[in-house]
file entry-v5.tsv (TSV, C-alpha atoms and all ligand atoms)
chain	number	residue	atom	x	y	z
A	309	MET	CA	14.18	-2.89	26.42
A	310	ARG	CA	11.52	-0.94	24.52
A	311	TYR	CA	11.64	-1.95	20.87
A	312	ILE	CA	11.35	0.61	18.11
A	313	ASP	CA	9.26	-1.16	15.50
A	314	LEU	CA	10.10	0.01	11.98
A	315	ARG	CA	9.06	-3.21	10.20
A	316	SER	CA	5.96	-1.64	8.71
A	317	ASP	CA	3.23	0.95	9.17
A	318	THR	CA	0.93	-2.04	9.69
A	319	VAL	CA	2.18	-2.55	13.27
A	320	THR	CA	0.39	0.42	14.87
A	321	GLN	CA	-1.74	0.09	18.00
A	322	PRO	CA	-5.24	1.62	17.90
A	323	CYS	CA	-5.35	4.62	20.26
A	324	GLU	CA	-7.98	5.06	22.96
A	325	GLY	CA	-10.19	7.29	20.81
A	326	MET	CA	-10.18	4.74	18.01
A	327	ARG	CA	-11.00	1.91	20.42
A	328	ARG	CA	-13.87	3.97	21.85
A	329	ALA	CA	-15.22	4.60	18.35
A	330	MET	CA	-15.11	0.83	17.72
A	331	TYR	CA	-16.85	0.09	21.03
A	332	GLU	CA	-19.61	2.56	20.32
A	333	ALA	CA	-20.08	1.68	16.62
A	334	GLU	CA	-23.61	1.24	15.37
A	335	VAL	CA	-23.71	-2.11	13.54
A	336	GLY	CA	-25.90	-4.39	11.41
A	337	ASP	CA	-25.40	-7.38	9.09
A	338	ASP	CA	-23.30	-6.02	6.24
A	339	VAL	CA	-23.98	-9.01	3.96
A	340	TYR	CA	-27.57	-7.69	3.96
A	341	GLY	CA	-26.14	-4.19	3.40
A	342	GLU	CA	-27.48	-3.20	6.82
A	343	ASP	CA	-24.38	-2.00	8.65
A	344	PRO	CA	-24.63	1.81	8.96
A	345	SER	CA	-20.98	2.22	9.97
A	346	VAL	CA	-19.72	0.23	6.97
A	347	ARG	CA	-21.99	2.25	4.67
A	348	ARG	CA	-20.71	5.49	6.15
A	349	LEU	CA	-17.07	4.40	5.68
A	350	GLU	CA	-17.79	3.38	2.07
A	351	GLU	CA	-19.44	6.74	1.39
A	352	LEU	CA	-16.54	8.63	2.95
A	353	MET	CA	-13.93	6.72	0.95
A	354	ALA	CA	-15.86	6.98	-2.33
A	355	ALA	CA	-16.02	10.74	-1.79
A	356	ALA	CA	-12.36	10.98	-0.80
A	357	THR	CA	-11.21	9.08	-3.90
A	358	GLY	CA	-13.72	10.78	-6.20
A	359	LYS	CA	-15.32	7.46	-7.24
A	360	GLU	CA	-19.04	6.59	-7.41
A	361	ALA	CA	-19.04	3.74	-4.93
A	362	ALA	CA	-16.89	1.78	-2.52
A	363	LEU	CA	-16.61	-1.63	-0.87
A	364	PHE	CA	-15.08	-2.38	2.54
A	365	VAL	CA	-12.73	-5.38	2.28
A	366	THR	CA	-10.62	-7.22	4.81
A	367	SER	CA	-7.16	-6.30	3.50
A	368	GLY	CA	-5.17	-4.69	0.72
A	369	THR	CA	-4.54	-8.13	-0.73
A	370	GLN	CA	-8.26	-8.87	-0.83
A	371	GLY	CA	-9.01	-5.44	-2.33
A	372	ASN	CA	-6.55	-6.00	-5.16
A	373	LEU	CA	-7.68	-9.57	-5.81
A	374	VAL	CA	-11.37	-8.63	-5.85
A	375	ALA	CA	-10.52	-5.81	-8.27
A	376	LEU	CA	-8.56	-8.11	-10.60
A	377	LEU	CA	-11.30	-10.78	-10.57
A	378	THR	CA	-13.95	-8.16	-11.29
A	379	HIS	CA	-12.00	-6.51	-14.11
A	380	CYS	CA	-10.70	-9.61	-15.92
A	381	GLN	CA	-11.75	-12.89	-17.49
A	382	ARG	CA	-9.70	-16.01	-16.60
A	383	GLY	CA	-6.67	-16.38	-18.87
A	384	ALA	CA	-6.17	-12.66	-19.34
A	385	GLU	CA	-2.85	-10.89	-18.91
A	386	VAL	CA	-2.47	-8.14	-16.32
A	387	ILE	CA	0.26	-5.55	-16.91
A	388	LEU	CA	1.94	-4.46	-13.71
A	389	GLU	CA	5.24	-3.05	-12.46
A	390	ALA	CA	7.99	-5.68	-12.13
A	391	GLU	CA	8.36	-5.21	-8.36
A	392	SER	CA	4.70	-4.44	-7.65
A	393	HIS	CA	3.12	-5.67	-4.43
A	394	ILE	CA	0.45	-7.58	-6.39
A	395	PHE	CA	3.17	-9.57	-8.13
A	396	TYR	CA	5.67	-9.81	-5.30
A	397	TYR	CA	3.73	-10.17	-2.06
A	398	GLU	CA	0.18	-11.37	-2.72
A	399	VAL	CA	0.90	-15.10	-2.77
A	400	GLY	CA	0.25	-15.32	-6.51
A	401	GLY	CA	-3.49	-15.09	-5.84
A	402	MET	CA	-4.13	-13.51	-9.23
A	403	SER	CA	-2.89	-16.69	-10.94
A	404	ALA	CA	-3.85	-19.31	-8.34
A	405	LEU	CA	-7.39	-18.05	-7.83
A	406	GLY	CA	-8.05	-15.81	-10.81
A	407	GLY	CA	-6.32	-17.68	-13.65
A	408	LEU	CA	-4.62	-14.40	-14.57
A	409	ILE	CA	-1.14	-13.96	-16.03
A	410	PRO	CA	1.16	-11.24	-14.70
A	411	VAL	CA	3.09	-9.28	-17.33
A	412	ARG	CA	5.86	-7.43	-15.53
A	413	VAL	CA	7.09	-4.11	-16.88
A	414	GLN	CA	10.19	-2.54	-15.36
A	415	GLY	CA	9.48	0.87	-13.87
A	416	GLU	CA	11.72	3.69	-12.74
A	417	TYR	CA	11.20	4.49	-9.06
A	418	GLY	CA	8.03	2.42	-9.41
A	419	VAL	CA	6.68	4.51	-12.28
A	420	LEU	CA	5.69	2.60	-15.42
A	421	PRO	CA	7.02	4.03	-18.72
A	422	PRO	CA	3.96	4.53	-20.98
A	423	ALA	CA	5.84	3.27	-24.07
A	424	ALA	CA	6.74	0.01	-22.32
A	425	VAL	CA	3.13	-0.45	-21.24
A	426	LYS	CA	2.00	0.12	-24.82
A	427	ALA	CA	4.52	-2.45	-26.04
A	428	ALA	CA	3.22	-5.01	-23.51
A	429	ILE	CA	-0.40	-4.78	-24.67
A	430	ARG	CA	-1.30	-7.80	-26.81
A	431	GLY	CA	-2.41	-7.32	-30.39
A	432	ASP	CA	-5.31	-9.06	-32.07
A	433	ASN	CA	-3.85	-12.49	-32.87
A	434	ILE	CA	-5.51	-15.88	-32.40
A	435	HIS	CA	-2.44	-17.21	-30.58
A	436	TYR	CA	-2.30	-14.50	-27.91
A	437	PRO	CA	-3.97	-14.24	-24.54
A	438	ALA	CA	-5.99	-11.04	-24.17
A	439	THR	CA	-4.67	-8.14	-22.12
A	440	GLY	CA	-7.27	-7.44	-19.45
A	441	LEU	CA	-5.98	-4.71	-17.16
A	442	VAL	CA	-3.14	-2.33	-16.31
A	443	CYS	CA	-2.19	-1.95	-12.63
A	444	LEU	CA	-0.39	0.94	-10.95
A	445	GLU	CA	0.96	1.23	-7.40
A	446	ASN	CA	1.23	4.59	-5.60
A	447	THR	CA	3.13	4.95	-3.36
A	448	HIS	CA	5.32	2.11	-4.55
A	449	ASN	CA	6.39	-0.18	-1.73
A	450	ARG	CA	9.52	-1.86	-3.15
A	451	ALA	CA	10.61	1.40	-4.79
A	452	GLY	CA	11.02	2.76	-1.26
A	453	GLY	CA	7.68	4.56	-1.00
A	454	ALA	CA	8.37	6.60	-4.14
A	455	VAL	CA	5.48	8.62	-5.51
A	456	ALA	CA	4.15	8.74	-9.07
A	457	THR	CA	2.92	12.20	-10.07
A	458	ILE	CA	-0.57	12.68	-11.48
A	459	PRO	CA	0.75	13.35	-15.05
A	460	GLN	CA	2.88	10.17	-14.84
A	461	MET	CA	-0.18	8.14	-13.85
A	462	GLN	CA	-2.32	9.89	-16.46
A	463	ALA	CA	0.16	9.06	-19.24
A	464	VAL	CA	-0.08	5.32	-18.47
A	465	ALA	CA	-3.85	5.47	-18.02
A	466	ASP	CA	-4.19	7.21	-21.40
A	467	VAL	CA	-2.31	4.37	-23.13
A	468	ALA	CA	-4.50	1.77	-21.40
A	469	HIS	CA	-7.74	3.59	-22.13
A	470	GLU	CA	-6.78	4.13	-25.80
A	471	HIS	CA	-6.59	0.33	-26.01
A	472	GLY	CA	-9.91	-0.13	-24.22
A	473	LEU	CA	-8.24	-1.39	-21.03
A	474	PRO	CA	-9.25	-0.41	-17.49
A	475	VAL	CA	-6.68	0.76	-14.93
A	476	HIS	CA	-6.55	-0.37	-11.30
A	477	LEU	CA	-4.46	1.41	-8.68
A	478	ASP	CA	-3.00	-0.40	-5.67
A	479	GLY	CA	-3.35	2.65	-3.47
A	480	ALA	CA	-2.46	0.94	-0.20
A	481	ARG	CA	-0.65	4.19	0.67
A	482	LEU	CA	-2.64	6.56	-1.57
A	483	PHE	CA	-3.05	9.07	1.28
A	484	ASN	CA	0.74	9.16	1.68
A	485	ALA	CA	1.08	9.82	-2.06
A	486	ALA	CA	-1.47	12.64	-1.90
A	487	ALA	CA	0.24	14.17	1.14
A	488	ALA	CA	3.63	14.05	-0.61
A	489	LEU	CA	2.21	15.59	-3.79
A	490	GLY	CA	0.20	18.18	-1.87
A	491	GLU	CA	-2.84	17.19	-3.92
A	492	PRO	CA	-6.34	16.05	-2.91
A	493	VAL	CA	-6.64	12.24	-2.85
A	494	ALA	CA	-9.37	12.37	-5.51
A	495	ARG	CA	-7.06	14.14	-7.95
A	496	VAL	CA	-4.34	11.53	-7.45
A	497	ALA	CA	-6.90	8.79	-8.10
A	498	SER	CA	-8.50	10.61	-11.03
A	499	PRO	CA	-6.51	8.86	-13.83
A	500	VAL	CA	-7.58	5.35	-12.71
A	501	ASP	CA	-10.87	3.49	-12.92
A	502	THR	CA	-10.59	1.66	-9.61
A	503	VAL	CA	-8.44	2.00	-6.51
A	504	SER	CA	-7.87	-0.05	-3.39
A	505	VAL	CA	-6.89	2.01	-0.32
A	506	CYS	CA	-5.59	0.56	2.97
A	507	LEU	CA	-6.81	1.81	6.34
A	508	SER	CA	-4.33	-0.36	8.22
A	509	LYS	CA	-1.11	1.20	6.92
A	510	GLY	CA	-0.20	4.86	7.55
A	511	LEU	CA	-3.78	5.65	8.58
A	512	GLY	CA	-3.38	3.45	11.64
A	513	ALA	CA	-6.58	1.36	11.68
A	514	PRO	CA	-6.27	-2.26	12.86
A	515	VAL	CA	-8.01	-3.87	9.86
A	516	GLY	CA	-9.39	-3.11	6.45
A	517	SER	CA	-9.13	-1.61	3.02
A	518	VAL	CA	-11.67	-0.01	0.73
A	519	LEU	CA	-12.05	-0.73	-2.98
A	520	CYS	CA	-13.49	2.23	-4.90
A	521	GLY	CA	-14.78	2.57	-8.45
A	522	PRO	CA	-17.85	2.88	-10.69
A	523	ARG	CA	-21.18	1.82	-9.13
A	524	ASP	CA	-21.75	-1.19	-11.42
A	525	PHE	CA	-18.15	-2.37	-10.88
A	526	ILE	CA	-18.55	-2.23	-7.10
A	527	ALA	CA	-21.85	-4.17	-7.33
A	528	ARG	CA	-20.03	-6.97	-9.19
A	529	ALA	CA	-17.02	-6.73	-6.84
A	530	ARG	CA	-19.34	-7.29	-3.85
A	531	LYS	CA	-20.08	-10.76	-5.19
A	532	TYR	CA	-16.38	-11.63	-5.60
A	533	ARG	CA	-15.71	-10.40	-2.08
A	534	LYS	CA	-18.37	-12.84	-0.85
A	535	MET	CA	-16.80	-15.62	-2.93
A	536	LEU	CA	-13.44	-14.98	-1.25
A	537	GLY	CA	-14.97	-15.20	2.21
A	538	GLY	CA	-14.92	-11.45	2.72
A	539	GLY	CA	-18.63	-11.00	3.43
A	540	LEU	CA	-18.43	-9.84	7.05
A	541	ARG	CA	-21.43	-9.41	9.29
A	542	GLN	CA	-21.33	-6.72	12.03
A	543	ALA	CA	-18.24	-5.22	10.40
A	544	GLY	CA	-19.16	-1.74	11.62
A	545	ILE	CA	-16.88	-2.35	14.61
A	546	LEU	CA	-13.98	-2.42	12.13
A	547	ALA	CA	-15.38	0.29	9.86
A	548	ALA	CA	-15.62	2.63	12.87
A	549	ALA	CA	-11.84	2.38	13.26
A	550	GLY	CA	-11.51	3.28	9.57
A	551	ILE	CA	-13.79	6.30	9.94
A	552	TYR	CA	-11.77	7.42	12.95
A	553	ALA	CA	-8.55	6.97	10.94
A	554	LEU	CA	-9.91	9.05	8.05
A	555	THR	CA	-10.96	11.87	10.36
A	556	HIS	CA	-7.95	11.90	12.72
A	557	ASN	CA	-4.89	10.40	11.05
A	558	VAL	CA	-4.66	11.91	7.58
A	559	GLU	CA	-3.35	15.36	8.42
A	560	ARG	CA	-0.44	13.99	10.44
A	561	LEU	CA	1.04	11.90	7.57
A	562	PRO	CA	3.66	14.56	6.65
A	563	GLU	CA	5.11	13.96	10.13
A	564	ASP	CA	5.87	10.34	9.13
A	565	HIS	CA	7.44	11.56	5.90
A	566	ALA	CA	9.65	14.04	7.76
A	567	ASN	CA	10.71	11.29	10.18
A	568	ALA	CA	11.59	8.97	7.29
A	569	CYS	CA	13.69	11.74	5.76
A	570	TYR	CA	15.41	12.31	9.11
A	571	LEU	CA	16.17	8.57	9.38
A	572	ALA	CA	17.49	8.45	5.82
A	573	GLU	CA	19.79	11.43	6.36
A	574	GLY	CA	21.16	9.83	9.52
A	575	LEU	CA	21.58	6.41	7.91
A	576	GLN	CA	23.56	7.69	4.94
A	577	GLU	CA	26.16	9.08	7.35
A	578	ILE	CA	26.86	5.58	8.71
A	579	PRO	CA	29.83	3.85	7.04
A	580	GLY	CA	28.79	0.75	5.10
A	581	ILE	CA	25.26	2.01	4.46
A	582	GLN	CA	24.20	3.23	1.03
A	583	LEU	CA	20.98	4.97	0.33
A	584	ASP	CA	19.30	6.66	-2.61
A	585	MET	CA	17.74	9.85	-1.20
A	586	ARG	CA	15.70	10.23	-4.40
A	587	SER	CA	13.55	7.28	-3.37
A	588	VAL	CA	12.84	8.70	0.10
A	589	GLN	CA	9.65	10.59	-0.61
A	590	THR	CA	7.15	9.30	1.94
A	591	ASN	CA	7.28	7.02	5.01
A	592	ILE	CA	9.59	4.24	3.70
A	593	VAL	CA	13.39	4.12	3.72
A	594	ILE	CA	15.15	1.26	1.94
A	595	PHE	CA	18.92	1.13	2.40
A	596	ASP	CA	21.76	-1.09	1.22
A	597	VAL	CA	23.91	-2.61	3.96
A	598	SER	CA	26.23	-4.70	1.78
A	599	GLY	CA	29.10	-2.29	2.52
A	600	THR	CA	29.06	-3.47	6.14
A	601	GLY	CA	30.24	-6.93	5.05
A	602	LEU	CA	27.01	-8.41	6.44
A	603	THR	CA	23.91	-9.59	4.66
A	604	ALA	CA	20.67	-7.71	5.27
A	605	PRO	CA	19.14	-10.63	7.24
A	606	GLU	CA	22.26	-10.65	9.44
A	607	VAL	CA	21.94	-6.91	10.02
A	608	SER	CA	18.26	-7.34	10.83
A	609	VAL	CA	19.15	-9.90	13.57
A	610	ARG	CA	21.72	-7.49	15.02
A	611	LEU	CA	19.25	-4.62	14.96
A	612	LEU	CA	16.72	-6.71	16.84
A	613	ALA	CA	19.31	-7.44	19.54
A	614	HIS	CA	19.75	-3.67	19.86
A	615	GLY	CA	16.03	-2.95	20.07
A	616	VAL	CA	15.17	-2.04	16.49
A	617	LYS	CA	12.75	-4.20	14.55
A	618	ALA	CA	13.22	-4.00	10.76
A	619	ASN	CA	12.72	-6.30	7.78
A	620	ALA	CA	15.27	-7.23	5.13
A	621	THR	CA	13.72	-6.72	1.69
A	622	SER	CA	16.56	-8.54	-0.13
A	623	ASP	CA	19.98	-9.92	0.69
A	624	ARG	CA	21.41	-6.41	0.60
A	625	THR	CA	18.58	-4.14	1.68
A	626	ILE	CA	16.72	-3.27	4.88
A	627	ARG	CA	13.47	-1.35	5.07
A	628	PHE	CA	12.45	1.14	7.75
A	629	VAL	CA	8.86	2.38	7.78
A	630	THR	CA	7.69	5.30	9.93
A	631	HIS	CA	4.18	5.49	11.39
A	632	LEU	CA	2.08	7.09	14.10
A	633	ASN	CA	3.66	5.06	16.90
A	634	VAL	CA	7.21	6.34	16.26
A	635	ASN	CA	8.17	9.94	16.95
A	636	ARG	CA	11.32	11.95	16.22
A	637	GLU	CA	12.90	10.85	19.50
A	638	ASP	CA	12.38	7.18	18.59
A	639	CYS	CA	13.99	7.82	15.20
A	640	SER	CA	16.97	9.46	16.82
A	641	LEU	CA	17.32	6.53	19.23
A	642	ALA	CA	16.93	4.09	16.32
A	643	LEU	CA	19.87	5.75	14.50
A	644	GLN	CA	21.97	5.46	17.66
A	645	ARG	CA	21.07	1.77	17.92
A	646	VAL	CA	21.92	1.11	14.24
A	647	LYS	CA	25.41	2.54	14.86
A	648	GLU	CA	25.81	0.36	17.95
A	649	ALA	CA	24.54	-2.73	16.13
A	650	LEU	CA	27.09	-2.19	13.35
A	651	GLY	CA	29.87	-1.37	15.82
A	652	ARG	CA	30.32	2.12	14.37
A	701	LIG	N1	2.40	-4.39	2.43
A	701	LIG	C1	3.01	-4.96	3.61
A	701	LIG	C2	3.67	-6.30	3.29
A	701	LIG	O1	2.81	-7.11	2.59
A	701	LIG	C3	4.92	-6.19	2.52
A	701	LIG	C4	4.00	-3.98	4.16
A	701	LIG	O2	4.44	-4.20	5.31
A	701	LIG	O3	4.35	-3.00	3.48
A	701	LIG	N2	-0.31	-3.08	-1.56
A	701	LIG	C5	0.80	-2.53	-1.05
A	701	LIG	C6	1.54	-1.52	-1.84
A	701	LIG	C7	1.25	-2.91	0.22
A	701	LIG	O4	2.37	-2.38	0.69
A	701	LIG	C8	0.52	-3.88	0.95
A	701	LIG	C9	1.00	-4.37	2.29
A	701	LIG	C10	-0.64	-4.42	0.38
A	701	LIG	C11	-1.01	-4.00	-0.90
A	701	LIG	C12	-1.43	-5.52	1.03
A	701	LIG	O5	-2.10	-5.09	2.15
A	701	LIG	P1	-2.57	-6.15	3.27
A	701	LIG	O6	-1.35	-6.43	4.08
A	701	LIG	O7	-3.62	-5.41	4.00
A	701	LIG	O8	-3.08	-7.35	2.57
call {"tool": "encode", "arguments": {"input": "entry-v5.tsv", "output": "structure tokens"}}
result
Amino acid sequence: MRYIDLRSDTVTQPCEGMRRAMYEAEVGDDVYGEDPSVRRLEELMAAATGKEAALFVTSGTQGNLVALLTHCQRGAEVILEAESHIFYYEVGGMSALGGLIPVRVQGEYGVLPPAAVKAAIRGDNIHYPATGLVCLENTHNRAGGAVATIPQMQAVADVAHEHGLPVHLDGARLFNAAAALGEPVARVASPVDTVSVCLSKGLGAPVGSVLCGPRDFIARARKYRKMLGGGLRQAGILAAAGIYALTHNVERLPEDHANACYLAEGLQEIPGIQLDMRSVQTNIVIFDVSGTGLTAPEVSVRLLAHGVKANATSDRTIRFVTHLNVNREDCSLALQRVKEALGR
């Protein structure tokens, strides 16, 4: 049986053109700053996000951690959305390795309310830890790929900046956000000081993220990347895949969004499944299966037996993610298989 893999947009296979670009990549030792392909990727991403400089890192997790370490002193509080990836899925690295304290603020569809952010900023009191940073996430993973608009991001950034705080954006799927908003990536990133963008999600590269921000910030970040073991040598082989992704896989992102919408519309017709169409804005569909009488992990096992790979994101919810290796036909077949798996 051919599996339809909807676990994540991280599961894509590099195409032949991408593999050829990797094979042919010009390389050098990037710890010496001598890898021309890495430099080119960093220049391209800095330009795309409208930031002065950029740093190629191994993963989204490393990009966020390097950013947090560079922005904050140990013991500082970091304000982030309650269900943010940095809090939920990054192994607590900010606290374990950075000595940083997460301050979770409940968002709506992943969007932080500016007033709640303001209320979470610490005042000047000898007893308090200092607030060091405000983090945003766009698109928001656990909010079902929901998008924050530029004015929504700007409103939070204004509060942070008024209090002298920098703003970091977990932009793992920033290109999806920009595609959904119909805005240039740089405009979407304009409210924030720094942004980490993943190449290995919707863009389809096998490895890598890029952290972008002011030149002096990136110079300091380079040292933290080295500290975390992220100083790679002939990394141009990987950067070449990223350059290929940026030049070939950005314009097709709306296709993934349309496929997610198609999946969502089909899923909500299936008895026992509940879904909030308002959250379906990009390439992620999170749906509640509790009406089937099964738990989400149980449904996930049944789906696998019927040839659909998908992750449970809680006891009640399953996540489908579309990407460049699933087309409309696969989505249609996936819906058929969900019905079979649930005996509908
Ligand atoms: N997300 C992965 C899993 O970790 C859940 C996925 O399959 O969606 N920020 C956001 C918003 C992300 O969704 C992810 C990956 C990351 C950061 C971390 O990126 P990597 O996996 O490259 O460390």
call {"tool": "closest_residue", "arguments": {"input": "entry-v5.tsv", "among": "A:Asn633, A:Pro322, A:Thr502, A:Gly516", "to": "A:Gly544", "atoms": "only C-alpha atoms"}}
result
A:Gly516
call {"tool": "residues_near_ligand", "arguments": {"input": "entry-v5.tsv", "ligand": "ligand LIG 701 (chain A)", "cutoff": "7 Å", "atoms": "all atoms listed in the file", "output": "ChimeraX atom specification"}}
result
/A:315-318,367-370,393-394,397,445,447-449,478-481,506,508,516-517
call {"tool": "atom_distance", "arguments": {"input": "entry-v5.tsv", "atom1": "atom CA of A:Pro514", "atom2": "atom CA of A:Leu546"}}
result
7.7 Å
call {"tool": "closest_residue", "arguments": {"input": "entry-v5.tsv", "among": "A:Ala390, A:Asp524, A:Ala362, A:Met326", "to": "A:His556", "atoms": "all atoms listed in the file"}}
result
A:Met326
call {"tool": "closest_residue", "arguments": {"input": "entry-v5.tsv", "among": "A:Leu650, A:Ala529, A:Leu632, A:Val593", "to": "A:Val558", "atoms": "all atoms listed in the file"}}
result
A:Leu632
call {"tool": "atom_distance", "arguments": {"input": "entry-v5.tsv", "atom1": "atom CA of A:Pro421", "atom2": "atom CA of A:Gln582"}}
result
26.2 Å
call {"tool": "closest_residue", "arguments": {"input": "entry-v5.tsv", "among": "A:Ile578, A:Gly336, A:Thr625, A:Leu519", "to": "A:Gln644", "atoms": "only C-alpha atoms"}}
result
A:Ile578
call {"tool": "residues_around", "arguments": {"input": "entry-v5.tsv", "residues": "A:Val503", "least_positions_apart": "2", "cutoff": "12 Å", "atoms": "only C-alpha atoms", "output": "ChimeraX atom specification"}}
result
/A:353-354,356-363,368,371-376,379,442-446,474-483,493-494,496-501,505-506,517-522,525-526
call {"tool": "write_last_selection", "arguments": {"input": "entry-v5.tsv", "atoms": "C-alpha atoms", "output": "JSON list (two decimals), in the frame of the given file"}}
result
[["chain", "number", "residue", "atom", "x", "y", "z"],
["A", 353, "MET", "CA", -13.93, 6.72, 0.95],
["A", 354, "ALA", "CA", -15.86, 6.98, -2.33],
["A", 356, "ALA", "CA", -12.36, 10.98, -0.80],
["A", 357, "THR", "CA", -11.21, 9.08, -3.90],
["A", 358, "GLY", "CA", -13.72, 10.78, -6.20],
["A", 359, "LYS", "CA", -15.32, 7.46, -7.24],
["A", 360, "GLU", "CA", -19.04, 6.59, -7.41],
["A", 361, "ALA", "CA", -19.04, 3.74, -4.93],
["A", 362, "ALA", "CA", -16.89, 1.78, -2.52],
["A", 363, "LEU", "CA", -16.61, -1.63, -0.87],
["A", 368, "GLY", "CA", -5.17, -4.69, 0.72],
["A", 371, "GLY", "CA", -9.01, -5.44, -2.33],
["A", 372, "ASN", "CA", -6.55, -6.00, -5.16],
["A", 373, "LEU", "CA", -7.68, -9.57, -5.81],
["A", 374, "VAL", "CA", -11.37, -8.63, -5.85],
["A", 375, "ALA", "CA", -10.52, -5.81, -8.27],
["A", 376, "LEU", "CA", -8.56, -8.11, -10.60],
["A", 379, "HIS", "CA", -12.00, -6.51, -14.11],
["A", 442, "VAL", "CA", -3.14, -2.33, -16.31],
["A", 443, "CYS", "CA", -2.19, -1.95, -12.63],
["A", 444, "LEU", "CA", -0.39, 0.94, -10.95],
["A", 445, "GLU", "CA", 0.96, 1.23, -7.40],
["A", 446, "ASN", "CA", 1.23, 4.59, -5.60],
["A", 474, "PRO", "CA", -9.25, -0.41, -17.49],
["A", 475, "VAL", "CA", -6.68, 0.76, -14.93],
["A", 476, "HIS", "CA", -6.55, -0.37, -11.30],
["A", 477, "LEU", "CA", -4.46, 1.41, -8.68],
["A", 478, "ASP", "CA", -3.00, -0.40, -5.67],
["A", 479, "GLY", "CA", -3.35, 2.65, -3.47],
["A", 480, "ALA", "CA", -2.46, 0.94, -0.20],
["A", 481, "ARG", "CA", -0.65, 4.19, 0.67],
["A", 482, "LEU", "CA", -2.64, 6.56, -1.57],
["A", 483, "PHE", "CA", -3.05, 9.07, 1.28],
["A", 493, "VAL", "CA", -6.64, 12.24, -2.85],
["A", 494, "ALA", "CA", -9.37, 12.37, -5.51],
["A", 496, "VAL", "CA", -4.34, 11.53, -7.45],
["A", 497, "ALA", "CA", -6.90, 8.79, -8.10],
["A", 498, "SER", "CA", -8.50, 10.61, -11.03],
["A", 499, "PRO", "CA", -6.51, 8.86, -13.83],
["A", 500, "VAL", "CA", -7.58, 5.35, -12.71],
["A", 501, "ASP", "CA", -10.87, 3.49, -12.92],
["A", 505, "VAL", "CA", -6.89, 2.01, -0.32],
["A", 506, "CYS", "CA", -5.59, 0.56, 2.97],
["A", 517, "SER", "CA", -9.13, -1.61, 3.02],
["A", 518, "VAL", "CA", -11.67, -0.01, 0.73],
["A", 519, "LEU", "CA", -12.05, -0.73, -2.98],
["A", 520, "CYS", "CA", -13.49, 2.23, -4.90],
["A", 521, "GLY", "CA", -14.78, 2.57, -8.45],
["A", 522, "PRO", "CA", -17.85, 2.88, -10.69],
["A", 525, "PHE", "CA", -18.15, -2.37, -10.88],
["A", 526, "ILE", "CA", -18.55, -2.23, -7.10]]
call {"tool": "atom_distance", "arguments": {"input": "entry-v5.tsv", "atom1": "atom CA of A:Asp343", "atom2": "atom CA of A:Thr378"}}
result
23.3 Å
call {"tool": "residues_around", "arguments": {"input": "entry-v5.tsv", "residues": "A:Ala384", "least_positions_apart": "5", "cutoff": "9 Å", "atoms": "all atoms listed in the file", "output": "JSON, numbers by chain"}}
result
{"A": [407, 408, 409, 410, 437, 438, 439, 440, 441]}
call {"tool": "residues_around", "arguments": {"input": "entry-v5.tsv", "residues": "A:Leu554", "least_positions_apart": "2", "cutoff": "9 Å", "atoms": "only C-alpha atoms", "output": "PyMOL selection string"}}
result
chain A and resi 349+352-353+507+511+549-552+556-558
call {"tool": "write_last_selection", "arguments": {"input": "entry-v5.tsv", "atoms": "C-alpha atoms", "output": "compact mmCIF listing (two decimals), in the coordinates of the input"}}
result
# COMPACT_ATOMS: atom_id res chain seq x y z
CA LEU A 349 -17.07 4.40 5.68
CA LEU A 352 -16.54 8.63 2.95
CA MET A 353 -13.93 6.72 0.95
CA LEU A 507 -6.81 1.81 6.34
CA LEU A 511 -3.78 5.65 8.58
CA ALA A 549 -11.84 2.38 13.26
CA GLY A 550 -11.51 3.28 9.57
CA ILE A 551 -13.79 6.30 9.94
CA TYR A 552 -11.77 7.42 12.95
CA HIS A 556 -7.95 11.90 12.72
CA ASN A 557 -4.89 10.40 11.05
CA VAL A 558 -4.66 11.91 7.58
call {"tool": "residues_around", "arguments": {"input": "entry-v5.tsv", "residues": "A:Pro422", "least_positions_apart": "5", "cutoff": "7 Å", "atoms": "only C-alpha atoms", "output": "MDAnalysis selection string"}}
result
chainID A and resid 463:464 467
call {"tool": "residues_around", "arguments": {"input": "entry-v5.tsv", "residues": "stretch 571-577 of chain A", "least_positions_apart": "5", "cutoff": "8 Å", "atoms": "all atoms listed in the file", "output": "list in words"}}
result
Gln582, Leu583, Met585, Val588, Val593, Cys639, Ser640 and Leu643 of chain A
call {"tool": "closest_residue", "arguments": {"input": "entry-v5.tsv", "among": "A:Leu611, A:Ile458, A:Val365, A:Met309", "to": "A:Leu540", "atoms": "all atoms listed in the file"}}
result
A:Val365
call {"tool": "closest_residue", "arguments": {"input": "entry-v5.tsv", "among": "A:Val339, A:Ala329, A:Ile434, A:Val319", "to": "A:Gly539", "atoms": "all atoms listed in the file"}}
result
A:Val339
call {"tool": "residues_near_point", "arguments": {"input": "entry-v5.tsv", "point": "(11.0, 2.1, -9.0)", "cutoff": "8 Å", "atoms": "all atoms listed in the file", "output": "list in words"}}
result
Glu391, Gln414, Gly415, Glu416, Tyr417, Gly418, Val419, His448, Arg450, Ala451, Gly452 and Ala454 of chain A
